[in-house]
Structure formats: C-alpha cells, structure tokens
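S.K.: final_37.cif is reproduced below (mmCIF, N, CA and C atoms).
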data_protein
loop_
_atom_site.label_atom_id
_atom_site.label_comp_id
_atom_site.auth_asym_id
_atom_site.auth_seq_id
_atom_site.Cartn_x
_atom_site.Cartn_y
_atom_site.Cartn_z
N MET A 1 -209.81 -89.93 -80.64
CA MET A 1 -208.38 -90.13 -80.76
C MET A 1 -207.83 -90.84 -79.52
N PHE A 2 -208.16 -90.35 -78.32
CA PHE A 2 -207.72 -91.00 -77.09
C PHE A 2 -208.90 -91.79 -76.53
N PRO A 3 -208.63 -92.94 -75.89
CA PRO A 3 -209.74 -93.67 -75.27
C PRO A 3 -210.33 -92.84 -74.14
N ASP A 4 -211.62 -92.94 -73.96
CA ASP A 4 -212.27 -92.17 -72.91
C ASP A 4 -212.70 -93.11 -71.79
N PHE A 5 -211.94 -93.10 -70.70
CA PHE A 5 -212.20 -94.00 -69.59
C PHE A 5 -213.47 -93.63 -68.84
N HIS A 6 -213.93 -92.36 -68.98
CA HIS A 6 -215.17 -91.98 -68.31
C HIS A 6 -216.31 -92.86 -68.81
N GLU A 7 -216.29 -93.21 -70.09
CA GLU A 7 -217.36 -94.04 -70.66
C GLU A 7 -217.21 -95.50 -70.27
N MET A 8 -216.00 -95.92 -69.90
CA MET A 8 -215.72 -97.32 -69.64
C MET A 8 -215.81 -97.70 -68.17
N GLU A 9 -215.96 -96.73 -67.28
CA GLU A 9 -215.84 -97.01 -65.85
C GLU A 9 -216.65 -98.22 -65.39
N GLY A 10 -217.89 -98.33 -65.82
CA GLY A 10 -218.73 -99.43 -65.36
C GLY A 10 -218.29 -100.78 -65.90
N ASP A 11 -217.67 -100.78 -67.09
CA ASP A 11 -217.31 -102.02 -67.75
C ASP A 11 -215.85 -102.41 -67.55
N ALA A 12 -215.08 -101.58 -66.90
CA ALA A 12 -213.63 -101.76 -66.88
C ALA A 12 -213.19 -103.14 -66.44
N PHE A 13 -213.87 -103.75 -65.47
CA PHE A 13 -213.41 -105.03 -64.95
C PHE A 13 -214.47 -106.12 -65.06
N SER A 14 -215.51 -105.86 -65.84
CA SER A 14 -216.58 -106.85 -65.94
C SER A 14 -216.17 -108.04 -66.79
N GLY A 15 -215.14 -107.90 -67.62
CA GLY A 15 -214.75 -108.97 -68.52
C GLY A 15 -213.74 -109.94 -67.95
N LEU A 16 -213.48 -109.91 -66.67
CA LEU A 16 -212.47 -110.81 -66.10
C LEU A 16 -212.92 -112.26 -66.13
N GLY A 17 -214.19 -112.49 -65.83
CA GLY A 17 -214.76 -113.83 -65.95
C GLY A 17 -214.07 -114.87 -65.09
N ASN A 18 -214.35 -116.13 -65.38
CA ASN A 18 -213.76 -117.28 -64.69
C ASN A 18 -213.89 -117.20 -63.17
N GLY A 19 -214.88 -116.49 -62.67
CA GLY A 19 -215.12 -116.45 -61.24
C GLY A 19 -214.10 -115.63 -60.46
N THR A 20 -213.25 -114.89 -61.15
CA THR A 20 -212.23 -114.10 -60.47
C THR A 20 -212.90 -112.96 -59.71
N GLN A 21 -212.57 -112.84 -58.44
CA GLN A 21 -213.12 -111.78 -57.61
C GLN A 21 -212.04 -110.71 -57.43
N ILE A 22 -212.46 -109.45 -57.53
CA ILE A 22 -211.53 -108.36 -57.28
C ILE A 22 -212.03 -107.59 -56.07
N ASP A 23 -211.15 -107.40 -55.13
CA ASP A 23 -211.42 -106.66 -53.91
C ASP A 23 -211.92 -105.25 -54.26
N GLY A 24 -212.93 -104.76 -53.53
CA GLY A 24 -213.49 -103.43 -53.78
C GLY A 24 -212.45 -102.34 -53.66
N LYS A 25 -211.52 -102.50 -52.72
CA LYS A 25 -210.47 -101.50 -52.52
C LYS A 25 -209.55 -101.46 -53.74
N VAL A 26 -209.23 -102.64 -54.27
CA VAL A 26 -208.38 -102.73 -55.46
C VAL A 26 -209.09 -102.08 -56.64
N LEU A 27 -210.37 -102.38 -56.79
CA LEU A 27 -211.16 -101.81 -57.88
C LEU A 27 -211.20 -100.29 -57.78
N GLN A 28 -211.34 -99.79 -56.57
CA GLN A 28 -211.37 -98.35 -56.33
C GLN A 28 -210.03 -97.72 -56.74
N THR A 29 -208.93 -98.40 -56.42
CA THR A 29 -207.60 -97.91 -56.79
C THR A 29 -207.46 -97.87 -58.31
N PHE A 30 -207.92 -98.94 -58.98
CA PHE A 30 -207.86 -98.98 -60.45
C PHE A 30 -208.67 -97.83 -61.04
N GLN A 31 -209.87 -97.66 -60.52
CA GLN A 31 -210.74 -96.62 -61.06
C GLN A 31 -210.11 -95.24 -60.87
N LYS A 32 -209.52 -95.01 -59.70
CA LYS A 32 -208.87 -93.73 -59.42
C LYS A 32 -207.72 -93.49 -60.41
N SER A 33 -206.93 -94.55 -60.67
CA SER A 33 -205.82 -94.42 -61.61
C SER A 33 -206.31 -94.15 -63.02
N PHE A 34 -207.39 -94.83 -63.43
CA PHE A 34 -207.93 -94.60 -64.77
C PHE A 34 -208.44 -93.17 -64.92
N VAL A 35 -209.05 -92.64 -63.87
CA VAL A 35 -209.52 -91.25 -63.91
C VAL A 35 -208.33 -90.30 -64.03
N GLN A 36 -207.25 -90.58 -63.28
CA GLN A 36 -206.04 -89.76 -63.37
C GLN A 36 -205.48 -89.80 -64.80
N VAL A 37 -205.41 -90.99 -65.38
CA VAL A 37 -204.91 -91.15 -66.74
C VAL A 37 -205.78 -90.34 -67.70
N GLN A 38 -207.10 -90.47 -67.57
CA GLN A 38 -208.01 -89.75 -68.47
C GLN A 38 -207.83 -88.25 -68.34
N ASN A 39 -207.66 -87.76 -67.12
CA ASN A 39 -207.45 -86.32 -66.92
C ASN A 39 -206.16 -85.85 -67.60
N ILE A 40 -205.11 -86.64 -67.49
CA ILE A 40 -203.84 -86.29 -68.14
C ILE A 40 -204.00 -86.31 -69.65
N LEU A 41 -204.69 -87.33 -70.18
CA LEU A 41 -204.91 -87.41 -71.62
C LEU A 41 -205.75 -86.22 -72.12
N ASP A 42 -206.73 -85.81 -71.33
CA ASP A 42 -207.53 -84.63 -71.69
C ASP A 42 -206.64 -83.38 -71.73
N GLN A 43 -205.76 -83.26 -70.74
CA GLN A 43 -204.83 -82.14 -70.69
C GLN A 43 -203.88 -82.19 -71.90
N ASN A 44 -203.42 -83.38 -72.25
CA ASN A 44 -202.52 -83.53 -73.40
C ASN A 44 -203.20 -83.09 -74.68
N ARG A 45 -204.48 -83.42 -74.81
CA ARG A 45 -205.23 -83.00 -76.01
C ARG A 45 -205.21 -81.48 -76.14
N LEU A 46 -205.42 -80.78 -75.02
CA LEU A 46 -205.40 -79.32 -75.03
C LEU A 46 -204.00 -78.79 -75.35
N LEU A 47 -202.99 -79.42 -74.75
CA LEU A 47 -201.60 -79.00 -75.03
C LEU A 47 -201.26 -79.17 -76.51
N ILE A 48 -201.63 -80.30 -77.08
CA ILE A 48 -201.34 -80.57 -78.49
C ILE A 48 -202.04 -79.54 -79.38
N ASN A 49 -203.28 -79.21 -79.05
CA ASN A 49 -204.00 -78.19 -79.84
C ASN A 49 -203.28 -76.85 -79.77
N GLU A 50 -202.85 -76.47 -78.56
CA GLU A 50 -202.16 -75.19 -78.40
C GLU A 50 -200.81 -75.21 -79.13
N ILE A 51 -200.09 -76.32 -79.02
CA ILE A 51 -198.80 -76.44 -79.72
C ILE A 51 -199.00 -76.29 -81.23
N ASN A 52 -200.03 -76.95 -81.77
CA ASN A 52 -200.32 -76.85 -83.21
C ASN A 52 -200.67 -75.43 -83.62
N GLN A 53 -201.51 -74.77 -82.81
CA GLN A 53 -201.89 -73.38 -83.12
C GLN A 53 -200.67 -72.47 -83.10
N ASN A 54 -199.81 -72.63 -82.10
CA ASN A 54 -198.60 -71.82 -82.01
C ASN A 54 -197.69 -72.06 -83.21
N HIS A 55 -197.57 -73.31 -83.58
CA HIS A 55 -196.71 -73.67 -84.71
C HIS A 55 -197.23 -73.05 -86.01
N GLU A 56 -198.55 -73.15 -86.22
CA GLU A 56 -199.15 -72.60 -87.44
C GLU A 56 -199.07 -71.09 -87.49
N SER A 57 -199.07 -70.44 -86.33
CA SER A 57 -199.02 -68.97 -86.29
C SER A 57 -197.65 -68.43 -86.73
N LYS A 58 -196.62 -69.22 -86.54
CA LYS A 58 -195.24 -68.84 -86.87
C LYS A 58 -194.78 -67.54 -86.17
N ILE A 59 -195.49 -67.15 -85.13
CA ILE A 59 -195.10 -65.98 -84.34
C ILE A 59 -193.99 -66.41 -83.39
N PRO A 60 -192.84 -65.69 -83.40
CA PRO A 60 -191.69 -66.12 -82.59
C PRO A 60 -192.01 -66.39 -81.11
N ASP A 61 -192.80 -65.54 -80.47
CA ASP A 61 -193.14 -65.75 -79.05
C ASP A 61 -193.92 -67.05 -78.87
N ASN A 62 -194.83 -67.32 -79.80
CA ASN A 62 -195.62 -68.55 -79.72
C ASN A 62 -194.75 -69.79 -79.93
N LEU A 63 -193.81 -69.67 -80.87
CA LEU A 63 -192.92 -70.80 -81.13
C LEU A 63 -192.02 -71.06 -79.92
N SER A 64 -191.58 -69.98 -79.26
CA SER A 64 -190.76 -70.13 -78.05
C SER A 64 -191.57 -70.78 -76.94
N ARG A 65 -192.83 -70.41 -76.84
CA ARG A 65 -193.72 -70.98 -75.81
C ARG A 65 -193.88 -72.49 -76.01
N ASN A 66 -193.79 -72.93 -77.26
CA ASN A 66 -193.95 -74.36 -77.54
C ASN A 66 -192.90 -75.22 -76.85
N VAL A 67 -191.73 -74.67 -76.61
CA VAL A 67 -190.67 -75.44 -75.94
C VAL A 67 -191.17 -75.92 -74.57
N GLY A 68 -191.73 -75.01 -73.80
CA GLY A 68 -192.27 -75.36 -72.48
C GLY A 68 -193.48 -76.27 -72.57
N LEU A 69 -194.33 -76.02 -73.56
CA LEU A 69 -195.53 -76.86 -73.73
C LEU A 69 -195.15 -78.29 -74.10
N ILE A 70 -194.14 -78.44 -74.95
CA ILE A 70 -193.70 -79.78 -75.34
C ILE A 70 -193.06 -80.49 -74.15
N ARG A 71 -192.32 -79.76 -73.33
CA ARG A 71 -191.77 -80.37 -72.09
C ARG A 71 -192.90 -80.87 -71.19
N GLU A 72 -193.92 -80.02 -71.03
CA GLU A 72 -195.06 -80.41 -70.20
C GLU A 72 -195.74 -81.65 -70.77
N LEU A 73 -195.91 -81.69 -72.09
CA LEU A 73 -196.51 -82.85 -72.75
C LEU A 73 -195.67 -84.11 -72.50
N ASN A 74 -194.36 -84.00 -72.64
CA ASN A 74 -193.48 -85.15 -72.38
C ASN A 74 -193.58 -85.62 -70.93
N ASN A 75 -193.62 -84.68 -69.99
CA ASN A 75 -193.77 -85.06 -68.58
C ASN A 75 -195.11 -85.76 -68.33
N ASN A 76 -196.16 -85.26 -68.98
CA ASN A 76 -197.47 -85.90 -68.84
C ASN A 76 -197.45 -87.32 -69.38
N ILE A 77 -196.78 -87.52 -70.50
CA ILE A 77 -196.69 -88.86 -71.08
C ILE A 77 -195.95 -89.78 -70.12
N ARG A 78 -194.87 -89.29 -69.51
CA ARG A 78 -194.16 -90.09 -68.51
C ARG A 78 -195.07 -90.47 -67.35
N ARG A 79 -195.89 -89.52 -66.90
CA ARG A 79 -196.82 -89.79 -65.80
C ARG A 79 -197.82 -90.87 -66.18
N VAL A 80 -198.32 -90.83 -67.42
CA VAL A 80 -199.26 -91.86 -67.88
C VAL A 80 -198.58 -93.22 -67.89
N VAL A 81 -197.35 -93.27 -68.40
CA VAL A 81 -196.60 -94.53 -68.43
C VAL A 81 -196.42 -95.07 -67.01
N ASP A 82 -196.05 -94.19 -66.09
CA ASP A 82 -195.87 -94.61 -64.69
C ASP A 82 -197.18 -95.12 -64.08
N LEU A 83 -198.29 -94.42 -64.36
CA LEU A 83 -199.58 -94.86 -63.84
C LEU A 83 -199.95 -96.24 -64.39
N TYR A 84 -199.72 -96.45 -65.69
CA TYR A 84 -200.02 -97.77 -66.27
C TYR A 84 -199.11 -98.85 -65.69
N ALA A 85 -197.85 -98.52 -65.45
CA ALA A 85 -196.94 -99.49 -64.83
C ALA A 85 -197.43 -99.86 -63.43
N ASP A 86 -197.84 -98.85 -62.66
CA ASP A 86 -198.37 -99.11 -61.31
C ASP A 86 -199.65 -99.94 -61.38
N LEU A 87 -200.51 -99.63 -62.35
CA LEU A 87 -201.74 -100.41 -62.53
C LEU A 87 -201.42 -101.86 -62.85
N SER A 88 -200.45 -102.07 -63.71
CA SER A 88 -200.06 -103.42 -64.09
C SER A 88 -199.58 -104.21 -62.88
N THR A 89 -198.75 -103.57 -62.07
CA THR A 89 -198.24 -104.21 -60.86
C THR A 89 -199.38 -104.52 -59.90
N SER A 90 -200.27 -103.56 -59.69
CA SER A 90 -201.40 -103.76 -58.79
C SER A 90 -202.31 -104.88 -59.28
N PHE A 91 -202.54 -104.90 -60.60
CA PHE A 91 -203.41 -105.93 -61.17
C PHE A 91 -202.79 -107.30 -60.97
N THR A 92 -201.50 -107.42 -61.24
CA THR A 92 -200.80 -108.70 -61.06
C THR A 92 -200.88 -109.15 -59.61
N LYS A 93 -200.64 -108.23 -58.68
CA LYS A 93 -200.72 -108.58 -57.26
C LYS A 93 -202.12 -109.02 -56.87
N SER A 94 -203.14 -108.33 -57.40
CA SER A 94 -204.52 -108.71 -57.05
C SER A 94 -204.86 -110.07 -57.65
N MET A 95 -204.33 -110.37 -58.82
CA MET A 95 -204.58 -111.69 -59.43
C MET A 95 -203.85 -112.77 -58.63
N ASP A 96 -202.64 -112.46 -58.16
CA ASP A 96 -201.91 -113.41 -57.31
C ASP A 96 -202.73 -113.72 -56.06
N ALA A 97 -203.24 -112.66 -55.44
CA ALA A 97 -203.99 -112.83 -54.20
C ALA A 97 -205.28 -113.61 -54.46
N SER A 98 -205.98 -113.30 -55.56
CA SER A 98 -207.25 -113.98 -55.81
C SER A 98 -207.04 -115.41 -56.29
N SER A 99 -205.90 -115.69 -56.95
CA SER A 99 -205.70 -117.05 -57.46
C SER A 99 -205.20 -118.00 -56.37
N GLU A 100 -204.72 -117.44 -55.26
CA GLU A 100 -204.27 -118.32 -54.16
C GLU A 100 -205.43 -119.14 -53.62
N GLY A 101 -206.62 -118.56 -53.60
CA GLY A 101 -207.78 -119.29 -53.10
C GLY A 101 -208.62 -119.86 -54.23
N ASP A 102 -208.12 -119.80 -55.45
CA ASP A 102 -208.89 -120.22 -56.62
C ASP A 102 -208.18 -121.37 -57.30
N SER A 103 -208.81 -122.52 -57.36
CA SER A 103 -208.16 -123.67 -57.98
C SER A 103 -208.60 -123.88 -59.42
N SER A 104 -209.32 -122.89 -59.99
CA SER A 104 -209.83 -123.07 -61.35
C SER A 104 -208.73 -122.96 -62.40
N GLY A 105 -207.60 -122.38 -62.01
CA GLY A 105 -206.50 -122.24 -62.96
C GLY A 105 -206.71 -121.11 -63.94
N ALA A 106 -207.64 -120.22 -63.64
CA ALA A 106 -207.92 -119.11 -64.55
C ALA A 106 -206.69 -118.21 -64.70
N PHE A 107 -205.99 -117.99 -63.61
CA PHE A 107 -204.78 -117.18 -63.65
C PHE A 107 -203.69 -117.89 -62.88
N LYS A 108 -202.50 -117.86 -63.43
CA LYS A 108 -201.37 -118.42 -62.71
C LYS A 108 -200.84 -117.37 -61.74
N SER A 109 -199.92 -117.76 -60.90
CA SER A 109 -199.43 -116.83 -59.88
C SER A 109 -198.64 -115.67 -60.48
N ASP A 110 -198.21 -115.79 -61.74
CA ASP A 110 -197.52 -114.66 -62.36
C ASP A 110 -198.51 -113.65 -62.95
N GLY A 111 -199.82 -113.89 -62.77
CA GLY A 111 -200.83 -112.96 -63.22
C GLY A 111 -201.22 -113.16 -64.67
N LYS A 112 -200.63 -114.14 -65.34
CA LYS A 112 -200.94 -114.36 -66.75
C LYS A 112 -201.97 -115.47 -66.87
N ALA A 113 -202.69 -115.45 -67.96
CA ALA A 113 -203.72 -116.46 -68.18
C ALA A 113 -203.10 -117.85 -68.19
N GLY A 114 -203.88 -118.84 -67.81
CA GLY A 114 -203.39 -120.20 -67.67
C GLY A 114 -203.17 -120.93 -68.98
N HIS A 115 -203.40 -120.29 -70.09
CA HIS A 115 -203.20 -120.93 -71.39
C HIS A 115 -201.81 -120.61 -71.89
N LYS A 116 -200.91 -121.60 -71.83
CA LYS A 116 -199.53 -121.35 -72.22
C LYS A 116 -199.22 -122.13 -73.49
N ARG A 117 -198.58 -121.44 -74.42
CA ARG A 117 -198.16 -122.11 -75.65
C ARG A 117 -196.70 -122.51 -75.51
N ASN A 118 -196.42 -123.73 -75.84
CA ASN A 118 -195.04 -124.18 -75.80
C ASN A 118 -194.38 -123.90 -77.15
N ARG A 119 -193.23 -123.25 -77.08
CA ARG A 119 -192.49 -122.97 -78.31
C ARG A 119 -191.47 -124.06 -78.53
N PRO A 120 -191.25 -124.42 -79.79
CA PRO A 120 -190.19 -125.41 -80.04
C PRO A 120 -188.84 -124.85 -79.61
N GLY A 121 -188.02 -125.70 -78.97
CA GLY A 121 -186.75 -125.27 -78.42
C GLY A 121 -185.76 -125.02 -79.49
#
Written as structure tokens, that's how I'd like the structure from this file.

M.R.:
Amino acid sequence: MFPDFHEMEGDAFSGLGNGTQIDGKVLQTFQKSFVQVQNILDQNRLLINEINQNHESKIPDNLSRNVGLIRELNNNIRRVVDLYADLSTSFTKSMDASSEGDSSGAFKSDGKAGHKRNRPG
C-alpha cells in the first residue's frame, strides 16, 4: 500500500543520468529524509489499523480514542508533506549547484529538465 523506501535506498538516485553528480553529503541528507518518511508511513499504517479496529468494535471508549489517533495521523501526514517539501528544495538546490559546472544542459538552473515544451499563446 505504501512505498517502501528501505527497499529503494540503493537505487534512489541511480536514475539521474546525464553525468549529474550528487554530493555525498546531499545524498546522505536525502537518504536520512527518506528513512524518516518511511518510519512515519510505517507508524501511520499502525495508526490506521488501530483506528479501523476501534471503529469496528463500536465500543465508546475505543471510538473516543480514535479522535486522538486521527489527530496524530493528520500530524504525521503534515510531517511527511513537510519532509517532501524540504527534499524538493534540497534537490533543486543540489541540481542548481551541479548544473553550474555542467554545460550538458541536462538540468536548467530552476532544477527542471532541459526539455521544455512551448505552449501556444
């Protein structure tokens, strides 16, 4: 149901191609963030299971407990969104830094691929 970053760690950045080099420190930061995201997603899976069990039990105390569990789930989702936003910013900055010394045009300074489609005005 959720992607498992533990299985992807070795392949996470191997597909960049075009001679793009990523600093080891940057890669370490990305990997750390992906592990954090995976841990939160694992925790969310457990929360969702508990919420479902409480809901199915229809026991008033369990249903009341779901309020706090759903809040925790929402906070975790916000944390994942924030981590992905930080990763996006870091990735863009690392592409900016690596493309300054790279004349291949693989990435533009805005971090996007060099293939731009022109839309009719």

S.K.: For the file shown, report as a ChimeraX atom specification the outcome of the PyMOL selection byres (((chain A and resi 73 and name CA) around 10) and name CA) at residue level.

M.R.: /A:40-41,43-48,51,67-72,74-79

S.K.: Calculate how many Å separate atom CA of Ala97 of chain A from atom N of Val80 of chain A, rounding to one decimal.

M.R.: 26.3 Å

S.K.: Is it possible to get the axis-aligned box enclosing segment 65-73 of chain A (all listed atoms, 4 Å extra per side) as JSON, with centre and edge lengths in Å rounded to one decimal?

M.R.:
{"center_x": -193.6, "center_y": -77.3, "center_z": -73.9, "size_x": 13.8, "size_y": 21.7, "size_z": 15.3}

S.K.: Quick one: distance from atom CA of Ala85 of chain A to atom CA of Asn49 of chain A in Å, one decimal?

M.R.: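 Result for atom CA of Ala85 of chain A versus atom CA of Asn49 of chain A: 27.0 Å, one decimal.
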
S.K.: Take atom N of Leu27 of chain A and atom CA of Ser99 of chain A and report the distance between them in Å, one decimal.

M.R.: 15.4 Å

S.K.: With all atoms listed in the file as the atoms that count, which of A:Leu83, A:Thr89, A:Ser98, A:Asn52 lies nearest to Val37 of chain A?

M.R.: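 Going through A:Leu83, A:Thr89, A:Ser98, A:Asn52 one by one, the smallest distance to Val37 of chain A is for A:Leu83.
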
S.K.: Determine the nearest neighbour of Glu50 of chain A from the options A:Arg65, A:Lys25, A:Lys93, A:Lys32, counting only C-alpha atoms.

M.R.: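 Smallest separation from Glu50 of chain A among the options: A:Arg65.
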
S.K.: Point out the residue among A:Glu56, A:Leu63, A:Asn39, A:Ser94 with the least atom-to-atom distance to Val26 of chain A, counting only C-alpha atoms.

M.R.: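 Of A:Glu56, A:Leu63, A:Asn39, A:Ser94, the one nearest Val26 of chain A is A:Ser94, counting only C-alpha atoms.
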